[in-house]
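**Q** One file: work28.tsv (TSV, C-alpha atoms).
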```tsv
chain	number	residue	atom	x	y	z
A	1063	MET	CA	-5.05	-8.37	-11.31
A	1064	PRO	CA	-8.34	-8.78	-9.46
A	1065	LEU	CA	-10.21	-5.67	-8.46
A	1066	GLY	CA	-13.60	-6.82	-7.32
A	1067	SER	CA	-15.64	-8.30	-10.16
A	1068	ARG	CA	-13.37	-7.20	-13.04
A	1069	SER	CA	-9.67	-7.35	-13.82
A	1070	ARG	CA	-7.40	-4.36	-14.45
A	1071	GLY	CA	-4.69	-6.44	-16.10
A	1072	THR	CA	-1.03	-5.59	-15.72
A	1073	SER	CA	-0.14	-3.11	-13.00
A	1074	PRO	CA	1.13	0.23	-14.31
A	1075	LEU	CA	3.44	0.63	-11.31
A	1076	ARG	CA	6.84	2.14	-11.98
A	1077	THR	CA	10.08	0.73	-10.63
A	1078	ASN	CA	10.67	2.32	-7.25
A	1079	PRO	CA	13.71	4.65	-7.30
A	1080	TYR	CA	13.40	5.14	-3.52
A	1081	PRO	CA	13.79	1.73	-1.85
A	1082	LEU	CA	13.27	1.08	1.83
A	1083	GLY	CA	16.23	2.08	3.95
A	1084	VAL	CA	17.29	5.09	1.85
A	1085	THR	CA	17.78	8.11	4.07
A	1086	TYR	CA	18.00	11.82	3.42
A	1087	LYS	CA	20.07	13.78	5.92
A	1088	LEU	CA	21.99	17.04	5.80
A	1089	ASP	CA	25.10	15.28	7.13
A	1090	ASP	CA	24.66	12.00	5.23
A	1091	SER	CA	27.83	11.19	3.30
A	1092	ALA	CA	25.83	8.83	1.06
A	1093	HIS	CA	24.21	11.82	-0.61
A	1094	PRO	CA	25.94	14.82	-2.20
A	1095	PRO	CA	25.76	18.10	-0.26
A	1096	LEU	CA	23.05	20.54	-1.21
A	1097	ASP	CA	24.36	22.82	-3.93
A	1098	LYS	CA	23.55	26.42	-3.10
A	1099	ALA	CA	23.43	27.39	-6.78
A	1100	ALA	CA	22.04	24.23	-8.41
A	1101	HIS	CA	18.49	25.46	-9.03
A	1102	PRO	CA	17.14	28.85	-10.15
A	1103	VAL	CA	14.69	28.92	-7.23
A	1104	LEU	CA	16.36	26.93	-4.47
A	1105	HIS	CA	19.59	28.83	-4.12
A	1106	GLU	CA	21.49	31.23	-1.92
A	1107	GLY	CA	20.08	34.72	-1.49
A	1108	ARG	CA	16.53	34.04	-2.59
A	1109	VAL	CA	13.51	34.18	-0.25
A	1110	ALA	CA	11.45	31.34	1.20
A	1111	VAL	CA	8.14	31.81	3.02
A	1112	ILE	CA	7.15	28.95	5.32
A	1113	THR	CA	3.89	28.72	7.25
A	1114	GLY	CA	3.62	26.26	10.10
A	1115	ALA	CA	7.31	26.92	10.74
A	1116	GLY	CA	7.11	26.48	14.51
A	1117	SER	CA	7.52	22.69	14.52
A	1118	GLY	CA	7.81	19.49	12.53
A	1119	ILE	CA	8.09	19.69	8.77
A	1120	GLY	CA	7.94	23.50	8.77
A	1121	ARG	CA	10.90	23.78	11.13
A	1122	ALA	CA	12.82	21.14	9.19
A	1123	ALA	CA	12.16	23.01	5.94
A	1124	ALA	CA	13.43	26.23	7.51
A	1125	LYS	CA	16.69	24.52	8.49
A	1126	VAL	CA	17.18	22.87	5.10
A	1127	LEU	CA	16.54	26.10	3.20
A	1128	ALA	CA	18.74	28.05	5.60
A	1129	ASN	CA	21.54	25.63	4.78
A	1130	LEU	CA	20.98	26.54	1.13
A	1131	GLY	CA	21.57	30.17	2.10
A	1132	MET	CA	18.00	31.31	1.51
A	1133	LYS	CA	16.41	34.18	3.40
A	1134	LEU	CA	13.45	33.05	5.48
A	1135	ALA	CA	10.05	34.53	6.34
A	1136	LEU	CA	8.50	32.26	8.94
A	1137	ALA	CA	4.93	32.15	10.25
A	1138	ASP	CA	3.12	30.12	12.88
A	1139	VAL	CA	0.31	30.58	15.38
A	1140	ASP	CA	2.58	28.99	18.01
A	1141	GLN	CA	4.74	31.96	18.98
A	1142	GLU	CA	7.06	29.98	21.25
A	1143	GLY	CA	7.75	27.35	18.59
A	1144	LEU	CA	8.16	30.06	15.96
A	1145	GLU	CA	10.75	31.88	18.04
A	1146	GLN	CA	12.68	28.66	18.58
A	1147	THR	CA	12.79	27.99	14.84
A	1148	ALA	CA	13.82	31.58	14.13
A	1149	ASN	CA	16.65	31.33	16.65
A	1150	GLU	CA	17.89	28.05	15.18
A	1151	VAL	CA	17.96	29.27	11.59
A	1152	SER	CA	19.42	32.64	12.61
A	1153	SER	CA	22.47	30.75	13.82
A	1154	ILE	CA	22.83	29.36	10.29
A	1155	ILE	CA	22.18	32.40	8.07
A	1156	GLY	CA	22.19	35.35	10.48
A	1157	ALA	CA	19.32	37.16	12.15
A	1158	SER	CA	19.16	39.80	9.41
A	1159	ASN	CA	18.05	37.09	6.98
A	1160	VAL	CA	15.16	35.84	9.12
A	1161	LEU	CA	11.71	37.32	9.67
A	1162	ALA	CA	9.23	35.68	12.05
A	1163	PHE	CA	5.52	36.50	12.26
A	1164	PRO	CA	3.11	34.95	14.79
A	1165	ILE	CA	-0.06	34.74	12.68
A	1166	ASP	CA	-3.12	32.55	12.24
A	1167	VAL	CA	-3.31	31.61	8.56
A	1168	ALA	CA	-7.10	31.34	8.89
A	1169	ASN	CA	-7.17	35.11	9.49
A	1170	PHE	CA	-6.97	36.73	6.05
A	1171	ASP	CA	-6.02	40.19	7.35
A	1172	GLU	CA	-3.07	38.74	9.26
A	1173	VAL	CA	-1.88	36.90	6.15
A	1174	VAL	CA	-2.12	40.09	4.07
A	1175	LYS	CA	0.00	41.99	6.61
A	1176	PHE	CA	2.51	39.12	6.63
A	1177	LYS	CA	2.83	39.24	2.85
A	1178	GLU	CA	3.25	43.03	2.87
A	1179	LYS	CA	6.07	42.79	5.41
A	1180	VAL	CA	7.85	40.13	3.38
A	1181	PHE	CA	7.75	42.18	0.18
A	1182	GLU	CA	8.71	45.36	2.02
A	1183	ALA	CA	11.81	43.60	3.31
A	1184	TRP	CA	12.91	41.61	0.26
A	1185	ASP	CA	10.55	42.40	-2.65
A	1186	GLU	CA	10.27	38.79	-3.79
A	1187	VAL	CA	9.31	35.24	-2.84
A	1188	ALA	CA	11.06	32.29	-4.47
A	1189	VAL	CA	9.54	29.51	-2.36
A	1190	LEU	CA	6.06	29.64	-0.86
A	1191	MET	CA	5.69	26.64	1.43
A	1192	ASN	CA	2.04	26.51	2.42
A	1193	ASN	CA	2.49	24.12	5.31
A	1194	ALA	CA	0.45	25.23	8.34
A	1195	GLY	CA	-1.94	22.51	9.46
A	1196	VAL	CA	-3.70	20.81	12.34
A	1197	ALA	CA	-5.03	17.27	12.60
A	1198	THR	CA	-7.46	17.53	15.50
A	1199	LEU	CA	-8.80	19.96	18.08
A	1200	ASP	CA	-7.52	19.11	21.56
A	1201	GLY	CA	-7.16	15.49	20.46
A	1202	LYS	CA	-10.82	15.17	19.43
A	1203	ARG	CA	-11.76	13.48	16.16
A	1204	GLY	CA	-15.12	11.72	15.97
A	1205	THR	CA	-17.34	10.78	13.06
A	1206	SER	CA	-18.63	12.80	10.14
A	1207	TRP	CA	-21.64	13.93	12.19
A	1208	GLU	CA	-19.88	14.72	15.49
A	1209	ASN	CA	-17.65	17.44	16.91
A	1210	ARG	CA	-18.50	20.31	14.60
A	1211	ASP	CA	-15.90	22.39	16.46
A	1212	VAL	CA	-13.21	19.97	15.25
A	1213	TRP	CA	-14.40	20.28	11.66
A	1214	THR	CA	-14.45	24.07	11.90
A	1215	GLU	CA	-10.95	24.31	13.34
A	1216	VAL	CA	-9.38	21.79	10.97
A	1217	LEU	CA	-11.02	23.17	7.82
A	1218	ASN	CA	-10.29	26.77	8.79
A	1219	THR	CA	-6.59	26.06	9.22
A	1220	ASN	CA	-5.99	23.42	6.57
A	1221	VAL	CA	-8.24	24.72	3.79
A	1222	VAL	CA	-9.11	28.37	4.42
A	1223	GLY	CA	-5.56	28.95	5.65
A	1224	VAL	CA	-4.05	27.43	2.51
A	1225	LEU	CA	-6.35	29.54	0.33
A	1226	ASN	CA	-5.58	32.71	2.29
A	1227	VAL	CA	-1.85	32.25	1.79
A	1228	GLN	CA	-2.23	31.22	-1.84
A	1229	HIS	CA	-4.56	34.11	-2.71
A	1230	THR	CA	-2.28	36.60	-0.98
A	1231	PHE	CA	1.13	35.58	-2.31
A	1232	VAL	CA	0.67	33.96	-5.72
A	1233	GLN	CA	-0.48	37.08	-7.59
A	1234	SER	CA	2.66	38.92	-6.52
A	1235	MET	CA	4.83	35.92	-7.42
A	1236	LEU	CA	3.33	35.93	-10.92
A	1237	HIS	CA	4.54	39.50	-11.40
A	1238	GLN	CA	8.13	38.62	-10.49
A	1239	GLU	CA	10.67	38.12	-13.26
A	1240	ASN	CA	12.48	35.27	-11.54
A	1241	PRO	CA	11.05	31.73	-11.32
A	1242	SER	CA	9.40	30.60	-8.11
A	1243	VAL	CA	7.58	27.61	-6.63
A	1244	VAL	CA	4.51	27.00	-4.48
A	1245	VAL	CA	4.65	23.89	-2.30
A	1246	ASN	CA	1.38	22.93	-0.60
A	1247	THR	CA	1.60	20.27	2.10
A	1248	GLY	CA	-0.98	17.55	1.61
A	1249	SER	CA	-1.27	14.08	3.09
A	1250	LYS	CA	-1.73	10.49	1.96
A	1251	GLN	CA	-4.88	10.60	4.10
A	1252	GLY	CA	-6.28	13.13	1.66
A	1253	ILE	CA	-5.91	10.54	-1.10
A	1254	THR	CA	-6.71	7.17	0.50
A	1255	ASN	CA	-9.15	8.57	3.11
A	1256	PRO	CA	-8.64	6.01	5.92
A	1257	PRO	CA	-11.44	5.89	8.53
A	1258	GLY	CA	-10.90	7.60	11.86
A	1259	ASN	CA	-10.26	11.28	11.19
A	1260	PRO	CA	-12.71	12.48	8.53
A	1261	ALA	CA	-12.18	16.20	9.11
A	1262	TYR	CA	-8.44	15.94	8.52
A	1263	ASN	CA	-8.90	13.64	5.53
A	1264	ALA	CA	-11.42	16.02	3.96
A	1265	SER	CA	-9.14	19.00	4.51
A	1266	LYS	CA	-6.18	17.31	2.85
A	1267	ALA	CA	-8.36	16.08	-0.02
A	1268	ALA	CA	-9.28	19.72	-0.55
A	1269	VAL	CA	-5.60	20.72	-0.51
A	1270	LYS	CA	-4.92	18.12	-3.21
A	1271	SER	CA	-7.71	19.51	-5.39
A	1272	ILE	CA	-6.69	23.12	-4.78
A	1273	THR	CA	-3.08	22.40	-5.65
A	1274	GLU	CA	-3.97	20.44	-8.78
A	1275	SER	CA	-6.05	23.38	-10.00
A	1276	LEU	CA	-3.27	25.81	-9.13
A	1277	GLY	CA	-0.69	23.70	-10.95
A	1278	HIS	CA	-2.79	23.56	-14.12
A	1279	GLU	CA	-3.55	27.28	-14.01
A	1280	LEU	CA	0.11	28.19	-13.53
A	1281	ARG	CA	1.20	25.96	-16.42
A	1282	SER	CA	-1.40	27.69	-18.60
A	1283	GLN	CA	0.05	31.17	-18.06
A	1284	PRO	CA	1.63	32.87	-21.10
A	1285	ASP	CA	4.96	32.95	-19.28
A	1286	PRO	CA	4.83	30.00	-16.86
A	1287	HIS	CA	7.62	30.79	-14.41
A	1288	VAL	CA	5.74	29.82	-11.22
A	1289	THR	CA	5.15	26.13	-10.56
A	1290	ALA	CA	3.03	24.31	-7.98
A	1291	HIS	CA	3.90	21.09	-6.16
A	1292	LEU	CA	1.86	18.84	-3.87
A	1293	PHE	CA	4.06	17.60	-1.01
A	1294	ILE	CA	2.66	14.32	0.33
A	1295	PRO	CA	4.69	13.18	3.36
A	1296	GLY	CA	4.80	9.55	4.38
A	1297	TRP	CA	4.98	8.36	7.97
A	1298	THR	CA	6.84	11.31	9.42
A	1299	TYR	CA	7.90	11.89	13.00
A	1300	THR	CA	6.72	15.46	13.65
A	1301	GLY	CA	5.50	17.74	16.39
A	1302	LEU	CA	2.09	18.36	14.82
A	1303	THR	CA	-0.39	18.21	17.69
A	1304	GLY	CA	-2.56	15.14	17.64
A	1305	HIS	CA	-1.10	13.83	14.38
A	1306	LEU	CA	0.78	10.67	13.62
A	1307	THR	CA	3.67	10.20	16.02
A	1308	ALA	CA	3.42	13.32	18.16
A	1309	GLY	CA	4.16	12.70	21.80
A	1310	ILE	CA	5.23	9.07	21.56
A	1311	GLY	CA	8.88	9.58	22.45
A	1312	ASP	CA	11.70	8.41	20.18
A	1313	LYS	CA	11.18	8.22	16.43
A	1314	PRO	CA	9.88	4.78	15.40
A	1315	ASP	CA	12.11	2.81	13.04
A	1316	GLY	CA	9.44	2.86	10.35
A	1317	ALA	CA	9.08	6.64	10.25
A	1318	TRP	CA	11.20	9.18	8.45
A	1319	SER	CA	12.29	12.30	10.26
A	1320	ALA	CA	10.87	15.63	9.15
A	1321	GLU	CA	14.30	16.54	7.79
A	1322	GLU	CA	14.43	13.42	5.61
A	1323	SER	CA	10.97	14.18	4.21
A	1324	VAL	CA	11.93	17.77	3.41
A	1325	LEU	CA	15.18	16.78	1.71
A	1326	PHE	CA	13.27	14.30	-0.42
A	1327	MET	CA	10.78	17.04	-1.30
A	1328	ILE	CA	13.61	19.39	-2.31
A	1329	ASP	CA	15.04	16.69	-4.59
A	1330	ARG	CA	11.70	16.20	-6.31
A	1331	VAL	CA	10.97	19.93	-6.68
A	1332	ARG	CA	14.34	20.23	-8.41
A	1333	ALA	CA	13.30	17.35	-10.68
A	1334	GLY	CA	10.04	19.14	-11.53
A	1335	ASP	CA	7.62	16.63	-9.96
A	1336	PHE	CA	4.12	17.84	-9.18
A	1337	TYR	CA	3.06	14.92	-6.96
A	1338	ILE	CA	5.80	14.46	-4.37
A	1339	LEU	CA	4.79	11.15	-2.79
A	1340	VAL	CA	7.25	10.62	0.05
A	1341	PRO	CA	8.17	7.08	1.12
A	1342	ASP	CA	9.29	6.05	4.59
A	1343	ASN	CA	11.14	3.15	6.20
A	1344	GLU	CA	7.99	1.02	6.46
A	1345	THR	CA	5.98	1.61	3.28
A	1346	ARG	CA	7.39	1.13	-0.20
A	1347	ARG	CA	6.28	3.56	-2.87
A	1348	GLU	CA	4.70	0.65	-4.74
A	1349	VAL	CA	2.49	-0.08	-1.73
A	1350	ASP	CA	1.27	3.51	-1.72
A	1351	GLU	CA	0.57	3.35	-5.45
A	1352	LEU	CA	-1.40	0.11	-5.15
A	1353	ARG	CA	-3.47	1.50	-2.28
A	1354	ILE	CA	-4.21	4.66	-4.26
A	1355	MET	CA	-5.30	2.67	-7.32
A	1356	TRP	CA	-7.52	0.40	-5.22
A	1357	GLY	CA	-9.27	3.43	-3.75
A	1358	ALA	CA	-9.84	4.98	-7.19
A	1359	ALA	CA	-11.23	1.67	-8.42
A	1360	ASP	CA	-13.94	1.74	-5.74
A	1361	ILE	CA	-15.69	4.06	-8.21
A	1362	THR	CA	-14.95	2.22	-11.43
A	1363	GLU	CA	-15.57	-1.24	-9.94
A	1364	GLY	CA	-18.80	-0.24	-8.18
A	1365	ARG	CA	-17.56	-1.15	-4.71
A	1366	PRO	CA	-18.62	0.52	-1.45
A	1367	ALA	CA	-16.70	3.61	-0.42
A	1368	LEU	CA	-13.48	2.83	1.45
A	1369	SER	CA	-13.85	-0.85	0.60
A	1370	ARG	CA	-10.26	-1.47	1.62
A	1371	TRP	CA	-11.39	-1.29	5.25
A	1372	HIS	CA	-14.64	-3.24	4.75
A	1373	PRO	CA	-14.58	-6.82	6.10
A	1374	SER	CA	-16.30	-8.13	2.96
A	1375	TYR	CA	-13.40	-6.91	0.80
A	1376	LYS	CA	-10.45	-7.71	3.08
A	1377	ALA	CA	-9.55	-10.95	1.29
A	1378	ALA	CA	-9.85	-9.34	-2.15
A	1379	PHE	CA	-7.70	-6.38	-1.10
A	1380	ASP	CA	-5.04	-8.62	0.44
A	1381	GLU	CA	-4.89	-10.72	-2.74
A	1382	TYR	CA	-4.73	-7.58	-4.89
A	1383	MET	CA	-1.76	-6.28	-2.90
A	1384	LYS	CA	-0.02	-9.66	-3.00
A	1385	GLU	CA	-0.39	-9.97	-6.77
A	1386	GLY	CA	0.55	-6.36	-7.42
A	1387	LEU	CA	3.77	-6.55	-5.41
A	1388	ALA	CA	4.64	-9.97	-6.86
A	1389	GLN	CA	4.88	-8.35	-10.30
A	1390	LEU	CA	7.69	-6.15	-9.01
A	1391	ASP	CA	9.76	-8.77	-7.20
```
Would you encode the structure as structure tokens?
**A**
Amino acid sequence: MPLGSRSRGTSPLRTNPYPLGVTYKLDDSAHPPLDKAAHPVLHEGRVAVITGAGSGIGRAAAKVLANLGMKLALADVDQEGLEQTANEVSSIIGASNVLAFPIDVANFDEVVKFKEKVFEAWDEVAVLMNNAGVATLDGKRGTSWENRDVWTEVLNTNVVGVLNVQHTFVQSMLHQENPSVVVNTGSKQGITNPPGNPAYNASKAAVKSITESLGHELRSQPDPHVTAHLFIPGWTYTGLTGHLTAGIGDKPDGAWSAEESVLFMIDRVRAGDFYILVPDNETRREVDELRIMWGAADITEGRPALSRWHPSYKAAFDEYMKEGLAQLD
């Protein structure tokens, strides 16, 4: 298979178990109902902490986990959105099983108080979903040398916020007897690094690295009962300001809903996957894998950075994708 000047040979792609058109829905008769006792972590009565719970994937996760019977501690800087989520999940599991905290994850003191309240109430965390994130600041993006305020806001929320939550909760989770999971929300943009939003891409690349380190460190513990997982949504219709499909009206046919993405993530956490690469209705998993391998080969093949988007490499990239997918047909 051509990759610039040298060949990589046969593609190592796996057969895709998640073909286009597969959906994940709470009321989808094509999939079995969520079993409230099927997993030692994801089951009725245990506690889930979700940041960024006021919209999009965070709200969808709250609903899915509420349907599993889990108690919920929700956080978001958007108080109105947070209250709406809390009201919706309270109707599923009862208000006594829901805590809601309007906090900024970039503020360490607020995160510490949030953690203290959660452990005062329930004395455990089974699921830590580190999901709060922003893509832009008031719709601004720019280049790598512009809009420092955008970089500051995005990195504070998406990187410092993730670290604040991780540093605050994980130590306590390690001292629990029962197993638990940490799910950090990344992005395909943090892996393939497409031009156009460098601050967001950099932040999600950092989340990938942070989560990989966390996963290795947790596996290396004498009694490894906490696991880490990198949740990498595909094209997802969410309410995240300035990101993807926000504000464009009805969900495009090619996108998955936030609920579908979360249900897929739950399936893969149960299966023990670290990298949870979520497909959608437009992009096959194999396409994602080929794109990721092309980007990694920019280094090994001596190509320019982000060569996939460089006019001089367009023909080579197109041929690479064609040949790679032909092996699977």
**Q** Env of A:Glu1208: 12 Å cut, atoms = all atoms listed in the file, seq-sep filter 5 positions within chain, self excluded. Answer as a list in words.
**A** Lys1202, Arg1203, Trp1213, Thr1214, Asn1259, Pro1260 and Ala1261 of chain A
**Q** Go ahead and write the selection's residues with C-alpha atoms as a JSON list (two decimals), in the frame of the given file.
**A**
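Now in again_14.json:
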```
[["chain", "number", "residue", "atom", "x", "y", "z"],
["A", 1202, "LYS", "CA", -10.82, 15.17, 19.43],
["A", 1203, "ARG", "CA", -11.76, 13.48, 16.16],
["A", 1213, "TRP", "CA", -14.40, 20.28, 11.66],
["A", 1214, "THR", "CA", -14.45, 24.07, 11.90],
["A", 1259, "ASN", "CA", -10.26, 11.28, 11.19],
["A", 1260, "PRO", "CA", -12.71, 12.48, 8.53],
["A", 1261, "ALA", "CA", -12.18, 16.20, 9.11]]
```
**Q** Compile the contact shell of stretch 1173-1187 of chain A as a PyMOL selection string: residues with an atom at most 10 Å away, counting all atoms listed in the file, same-chain residues fewer than 6 positions apart removed.
**A** chain A and resi 1103+1108-1111+1133-1137+1159+1161-1167+1223+1226-1232+1234-1235+1237-1244
**Q** Would you work out the distance separating atom CA of A:Tyr1262 from atom CA of A:Ala1367, expressed in Å to one decimal?
**A** 17.3 Å
**Q** For atom CA of A:Leu1199 and atom CA of A:Val1212, quote the distance in Å rounded to one decimal.
**A**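 Separating atom CA of A:Leu1199 from atom CA of A:Val1212 is a distance of 5.2 Å.
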**Q** Within 12 Å of A:Leu1217, counting all atoms listed in the file, which residues qualify if same-chain residues fewer than 5 places away don't, as a list in words?
**A**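 In the requested form, the answer reads Val1167, Ala1168, Ala1194, Gly1195, Val1196, Ala1197, Thr1198, Leu1199, Arg1210, Asp1211, Val1212, Val1222, Gly1223, Val1224, Leu1225, Pro1260, Ala1261, Tyr1262, Asn1263, Ala1264, Ser1265, Lys1266, Ala1267, Ala1268 and Val1269 of chain A.
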**Q** What does the structure give for the distance between atom CA of A:Glu1215 and atom CA of A:Ala1317, in Å to one decimal?
**A** 26.9 Å
**Q** Kindly indicate which residue among A:Ala1320, A:Ile1253, A:Val1126, A:Met1132 lies nearest to A:Ile1354, using all atoms listed in the file for the distances.
**A**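 Ranking A:Ala1320, A:Ile1253, A:Val1126, A:Met1132 by distance to A:Ile1354, first place goes to A:Ile1253.
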**Q** Using all atoms listed in the file, pick whichever of A:Ile1338, A:Ala1128, A:Met1327, A:Met1383 has the shortest atom-to-atom distance to A:Gly1156.
**A**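 Of all the options, A:Ala1128 lies closest to A:Gly1156.
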**Q** For each of A:Arg1347, A:His1287, A:Arg1353, A:Lys1313, take the minimum atom-to-atom distance to A:Thr1254, counting only C-alpha atoms, then give the residue where this is smallest.
**A** A:Arg1353
**Q** Which residue out of A:Ile1112, A:Leu1292, A:Ala1359, A:Leu1144 has the minimum interatomic distance to A:Tyr1382 when only C-alpha atoms are used?
**A**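 Nearest candidate to A:Tyr1382 out of A:Ile1112, A:Leu1292, A:Ala1359, A:Leu1144: A:Ala1359.
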**Q** For A:Glu1348, which residue among A:Arg1121, A:Lys1384, A:Arg1330, A:Arg1370 is the nearest when counting only C-alpha atoms?
**A** A:Lys1384
**Q** Taking 5 positions as the minimum chain separation for residues in the same chain, which residues sit within 12 Å of A:Ile1328 when counting all atoms listed in the file? Answer as JSON, numbers by chain.
**A** {"A": [1086, 1087, 1088, 1096, 1097, 1100, 1101, 1103, 1104, 1105, 1122, 1123, 1124, 1126, 1127, 1130, 1189, 1191, 1243, 1245, 1291, 1292, 1293, 1321, 1322, 1323, 1333, 1334, 1335, 1336, 1338, 1340]}
**Q** Out of A:Asn1246, A:Pro1257, A:Gln1146, A:Leu1236, which residue has the shortest atom-to-atom distance to A:Pro1286 when counting all atoms listed in the file?
**A**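 Of A:Asn1246, A:Pro1257, A:Gln1146, A:Leu1236, the one nearest A:Pro1286, counting all atoms listed in the file, is A:Leu1236.
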**Q** Which polymer residues have any atom within 8 Å of an atom of A:Leu1368, counting all atoms listed in the file, with same-chain residues fewer than 5 positions away left out, as a list in words?
**A**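 My reading of the contact set: Asn1255, Pro1256, Pro1257, Gly1357 and Asp1360 of chain A.
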